[in-house]
Amino acid sequence: MEKSVLPPSEWSVVWRRTILIAAASTVASWLVSNLVMMSLQQGMNDVGTILALTLPAALGGPVLLFLQVRSAQLRVANRRLETLASTDWLTDCLNRRVFTASVSSALDSGEPTGTLLVIDADHFKTINDRFGHERGDEVLQMIAAAIRDSIRDGDLVGRLGGEEFGVFLKGAGFEAAGRIAERIRAAINGLFVTSEGVVQRLSVSIGGAVCAGDGGFAQLFRVADRRLYAAKHAGRNRVELGGSIDDSDVAALVAAIG
């Protein structure tokens with residue numbers, strides 16, 4: 001069975017709690033013993049004092065330490081389980097379920113603005129065919145790292161599936177979202193995958209939908225996905241941003257009214 005190793009921060013908690021509990025037990029033992037001895041009108045002699053101060057630590061200390069270690073191991077295991085349940089195993093991004101729920105929660109909280117980006121690796125099948133699926137996995141990890149390095153604290157990153165990623169830029173309007181999306185595109189376009197003398201530059205296409213408090217996740221994703229398709233159709237390795245109501249939606253509405 002694999003041993004659970006505690007991080008230094010948890011050992012600090014273990015020792016602090018063990019010492020505090022042992023000290024409290026020691027003081028309580030001395031007080032009780034003193035009261036008992038006083039009740040017998042004998043007072044607390046030196047031997048009684050030594051026993052009262054040392055027995056609780058000697059007998060209870062190891063037990064307290066063991067219990068605190070097990071408690072800390074349980075906390076660490078629970079945190080690991082929470083991480084495994086919420087993140088994608090390959091890229092360490094949020095998985096699709098948690099990313100969708102997190103963006104929906106941010107939208108429901110009344111954020112004034114926000115932008116959803118859908119990012120798709122260009123020619124990813126070619127990368128898998130040319131370099132192998134193992135290198136393809138490494139490419140996905142490289143892309144995920146570049147995305148994380150290009151966004152701000154508090155922004156959300158998730159792997160939506162395959163070679164597709166989602167980013168929610170909290171509070172970002174059209175201009176800010178455009179700058180960040182372009183920074184992501186440029187960072188990834190500066191990466192290469194190589195194998196046996198074969199070199200291929202990486203690139204992504206990015207579609208985005210800017211929300212002004214009038215759309216939920218499903219609507220934002222639909223618009224961002226259409227913008228992504230437009231970026232692919234226009235030649236890839238580019239960014240296409242739109243509002244939370246797509247131009248095609250407006251055209252369809254006008255046509256229906258007319």
# chains A, B, ... in the order shown; residues from 1 in each chain; ligands from 1

call {"tool": "residues_around", "arguments": {"residues": "Ala101 in chain A", "least_positions_apart": "5", "cutoff": "9 Å", "atoms": "only C-alpha atoms", "output": "list in words"}}
result
Arg96, Ala106 and Phe217 of chain A

call {"tool": "select_by_dssp", "arguments": {"residues": "range 106-221 of chain A", "states": "strand (DSSP E or B)", "output": "PDB file with C-alpha atoms, in the first residue's frame"}}
result
ATOM      1  CA  GLY A 114     -17.001  38.681 -19.465  1.00  0.00           C
ATOM      2  CA  THR A 115     -15.700  36.893 -22.532  1.00  0.00           C
ATOM      3  CA  LEU A 116     -15.733  33.223 -23.412  1.00  0.00           C
ATOM      4  CA  LEU A 117     -12.937  32.039 -25.695  1.00  0.00           C
ATOM      5  CA  VAL A 118     -12.972  28.705 -27.494  1.00  0.00           C
ATOM      6  CA  ILE A 119      -9.469  27.695 -28.575  1.00  0.00           C
ATOM      7  CA  ASP A 120      -8.769  24.858 -31.001  1.00  0.00           C
ATOM      8  CA  ALA A 121      -5.368  23.532 -32.063  1.00  0.00           C
ATOM      9  CA  LEU A 156     -10.787  30.243 -15.917  1.00  0.00           C
ATOM     10  CA  VAL A 157      -9.195  27.651 -18.210  1.00  0.00           C
ATOM     11  CA  GLY A 158     -10.777  24.338 -19.119  1.00  0.00           C
ATOM     12  CA  ARG A 159     -10.233  21.532 -21.571  1.00  0.00           C
ATOM     13  CA  LEU A 160     -13.484  21.100 -23.448  1.00  0.00           C
ATOM     14  CA  GLY A 161     -12.415  17.898 -25.169  1.00  0.00           C
ATOM     15  CA  GLU A 164     -10.258  22.221 -27.746  1.00  0.00           C
ATOM     16  CA  PHE A 165      -9.893  24.524 -24.739  1.00  0.00           C
ATOM     17  CA  GLY A 166     -12.150  27.104 -23.155  1.00  0.00           C
ATOM     18  CA  VAL A 167     -11.142  30.321 -21.384  1.00  0.00           C
ATOM     19  CA  PHE A 168     -13.461  32.647 -19.493  1.00  0.00           C
ATOM     20  CA  LEU A 169     -12.049  36.138 -19.028  1.00  0.00           C
ATOM     21  CA  LYS A 170     -13.847  37.619 -16.049  1.00  0.00           C
ATOM     22  CA  PHE A 192       7.389  24.107 -32.092  1.00  0.00           C
ATOM     23  CA  VAL A 193       7.103  20.338 -32.025  1.00  0.00           C
ATOM     24  CA  THR A 194      10.093  18.404 -33.363  1.00  0.00           C
ATOM     25  CA  SER A 195      10.940  14.767 -33.936  1.00  0.00           C
ATOM     26  CA  VAL A 198      10.878  17.187 -38.574  1.00  0.00           C
ATOM     27  CA  VAL A 199       9.754  20.549 -37.204  1.00  0.00           C
ATOM     28  CA  GLN A 200       6.230  21.932 -37.070  1.00  0.00           C
ATOM     29  CA  ARG A 201       5.157  25.285 -35.667  1.00  0.00           C
ATOM     30  CA  VAL A 204      -4.506  27.767 -32.717  1.00  0.00           C
ATOM     31  CA  SER A 205      -7.702  29.341 -33.933  1.00  0.00           C
ATOM     32  CA  ILE A 206      -9.698  31.299 -31.365  1.00  0.00           C
ATOM     33  CA  GLY A 207     -13.357  32.230 -31.370  1.00  0.00           C
ATOM     34  CA  GLY A 208     -14.807  34.478 -28.686  1.00  0.00           C
ATOM     35  CA  ALA A 209     -18.129  35.799 -27.446  1.00  0.00           C
ATOM     36  CA  VAL A 210     -18.293  38.931 -25.312  1.00  0.00           C
ATOM     37  CA  CYS A 211     -21.108  38.956 -22.777  1.00  0.00           C
TER      38      CYS A 211
END

call {"tool": "select_by_dssp", "arguments": {"residues": "range 73-258 of chain A", "states": "alpha helix (DSSP H)", "output": "number ranges by chain"}}
result
A: 73-86, 96-108, 124-131, 133-150, 174-189, 217-233, 247-257

call {"tool": "residues_around", "arguments": {"residues": "Gly216 in chain A", "least_positions_apart": "3", "cutoff": "12 Å", "atoms": "only C-alpha atoms", "output": "MDAnalysis selection string"}}
result
chainID A and resid 100:111 113:116 209:213 219:223 244:245

call {"tool": "atom_distance", "arguments": {"atom1": "CA of Thr91 in chain A", "atom2": "CA of Ala145 in chain A"}}
result
8.0 Å

call {"tool": "closest_residue", "arguments": {"among": "A:Leu65, A:Leu202, A:Val27, A:Val76", "to": "Gly136 in chain A", "atoms": "only C-alpha atoms"}}
result
A:Leu202

call {"tool": "atom_distance", "arguments": {"atom1": "CA of Leu6 in chain A", "atom2": "CA of Arg97 in chain A"}}
result
29.5 Å

call {"tool": "decode", "arguments": {"residues": "range 85-121 of chain A", "atoms": "N, CA and C atoms", "output": "compact mmCIF listing (two decimals), in the first residue's frame"}}
result
# COMPACT_ATOMS: atom_id res chain seq x y z
N ALA A 85 -11.19 15.25 -9.31
CA ALA A 85 -12.57 15.33 -9.78
C ALA A 85 -12.84 16.58 -10.59
N SER A 86 -12.00 17.59 -10.46
CA SER A 86 -12.29 18.86 -11.13
C SER A 86 -11.35 19.19 -12.28
N THR A 87 -10.26 18.46 -12.43
CA THR A 87 -9.28 18.81 -13.44
C THR A 87 -9.12 17.72 -14.49
N ASP A 88 -8.66 18.14 -15.65
CA ASP A 88 -8.34 17.22 -16.73
C ASP A 88 -7.00 16.56 -16.43
N TRP A 89 -6.94 15.25 -16.55
CA TRP A 89 -5.75 14.49 -16.11
C TRP A 89 -4.50 14.82 -16.92
N LEU A 90 -4.68 15.21 -18.18
CA LEU A 90 -3.53 15.43 -19.05
C LEU A 90 -2.97 16.84 -18.94
N THR A 91 -3.85 17.83 -18.92
CA THR A 91 -3.41 19.23 -19.03
C THR A 91 -3.48 20.01 -17.72
N ASP A 92 -4.09 19.43 -16.69
CA ASP A 92 -4.27 20.12 -15.40
C ASP A 92 -5.19 21.33 -15.50
N CYS A 93 -5.92 21.44 -16.61
CA CYS A 93 -6.97 22.46 -16.71
C CYS A 93 -8.24 21.92 -16.06
N LEU A 94 -9.21 22.80 -15.84
CA LEU A 94 -10.51 22.33 -15.38
C LEU A 94 -11.09 21.39 -16.43
N ASN A 95 -11.81 20.35 -15.97
CA ASN A 95 -12.49 19.53 -16.96
C ASN A 95 -13.74 20.25 -17.46
N ARG A 96 -14.37 19.70 -18.48
CA ARG A 96 -15.48 20.39 -19.14
C ARG A 96 -16.63 20.65 -18.17
N ARG A 97 -16.94 19.66 -17.34
CA ARG A 97 -18.07 19.81 -16.41
C ARG A 97 -17.84 20.96 -15.43
N VAL A 98 -16.66 20.99 -14.82
CA VAL A 98 -16.37 22.02 -13.82
C VAL A 98 -16.21 23.38 -14.48
N PHE A 99 -15.58 23.41 -15.66
CA PHE A 99 -15.42 24.68 -16.37
C PHE A 99 -16.78 25.28 -16.71
N THR A 100 -17.67 24.45 -17.26
CA THR A 100 -19.01 24.93 -17.61
C THR A 100 -19.75 25.45 -16.39
N ALA A 101 -19.68 24.69 -15.28
CA ALA A 101 -20.37 25.10 -14.06
C ALA A 101 -19.77 26.39 -13.50
N SER A 102 -18.45 26.53 -13.58
CA SER A 102 -17.79 27.72 -13.03
C SER A 102 -18.14 28.97 -13.84
N VAL A 103 -18.17 28.83 -15.18
CA VAL A 103 -18.54 29.97 -16.01
C VAL A 103 -20.01 30.33 -15.79
N SER A 104 -20.86 29.33 -15.72
CA SER A 104 -22.28 29.60 -15.47
C SER A 104 -22.49 30.31 -14.15
N SER A 105 -21.73 29.89 -13.13
CA SER A 105 -21.83 30.54 -11.82
C SER A 105 -21.37 31.99 -11.89
N ALA A 106 -20.28 32.25 -12.64
CA ALA A 106 -19.79 33.62 -12.78
C ALA A 106 -20.81 34.49 -13.51
N LEU A 107 -21.47 33.93 -14.51
CA LEU A 107 -22.47 34.69 -15.25
C LEU A 107 -23.70 34.96 -14.38
N ASP A 108 -24.09 33.97 -13.59
CA ASP A 108 -25.27 34.13 -12.72
C ASP A 108 -25.02 35.10 -11.58
N SER A 109 -23.73 35.32 -11.25
CA SER A 109 -23.41 36.21 -10.13
C SER A 109 -23.55 37.67 -10.49
N GLY A 110 -23.85 37.96 -11.75
CA GLY A 110 -24.05 39.34 -12.17
C GLY A 110 -22.79 40.06 -12.57
N GLU A 111 -21.78 39.30 -13.05
CA GLU A 111 -20.56 39.94 -13.55
C GLU A 111 -20.94 40.97 -14.63
N PRO A 112 -20.38 42.17 -14.55
CA PRO A 112 -20.77 43.21 -15.53
C PRO A 112 -20.44 42.83 -16.96
N THR A 113 -19.28 42.23 -17.17
CA THR A 113 -18.89 41.77 -18.50
C THR A 113 -18.10 40.49 -18.35
N GLY A 114 -17.79 39.90 -19.46
CA GLY A 114 -17.00 38.68 -19.46
C GLY A 114 -16.92 38.16 -20.88
N THR A 115 -15.87 37.42 -21.18
CA THR A 115 -15.70 36.89 -22.53
C THR A 115 -15.34 35.42 -22.47
N LEU A 116 -16.03 34.64 -23.29
CA LEU A 116 -15.73 33.22 -23.41
C LEU A 116 -14.94 33.00 -24.69
N LEU A 117 -13.77 32.39 -24.55
CA LEU A 117 -12.94 32.04 -25.69
C LEU A 117 -12.97 30.54 -25.89
N VAL A 118 -13.11 30.11 -27.13
CA VAL A 118 -12.97 28.71 -27.49
C VAL A 118 -11.74 28.59 -28.38
N ILE A 119 -10.78 27.78 -27.94
CA ILE A 119 -9.47 27.70 -28.58
C ILE A 119 -9.27 26.28 -29.11
N ASP A 120 -8.93 26.17 -30.38
CA ASP A 120 -8.77 24.86 -31.00
C ASP A 120 -7.42 24.79 -31.70
N ALA A 121 -6.68 23.70 -31.44
CA ALA A 121 -5.37 23.53 -32.06
C ALA A 121 -5.54 23.28 -33.56
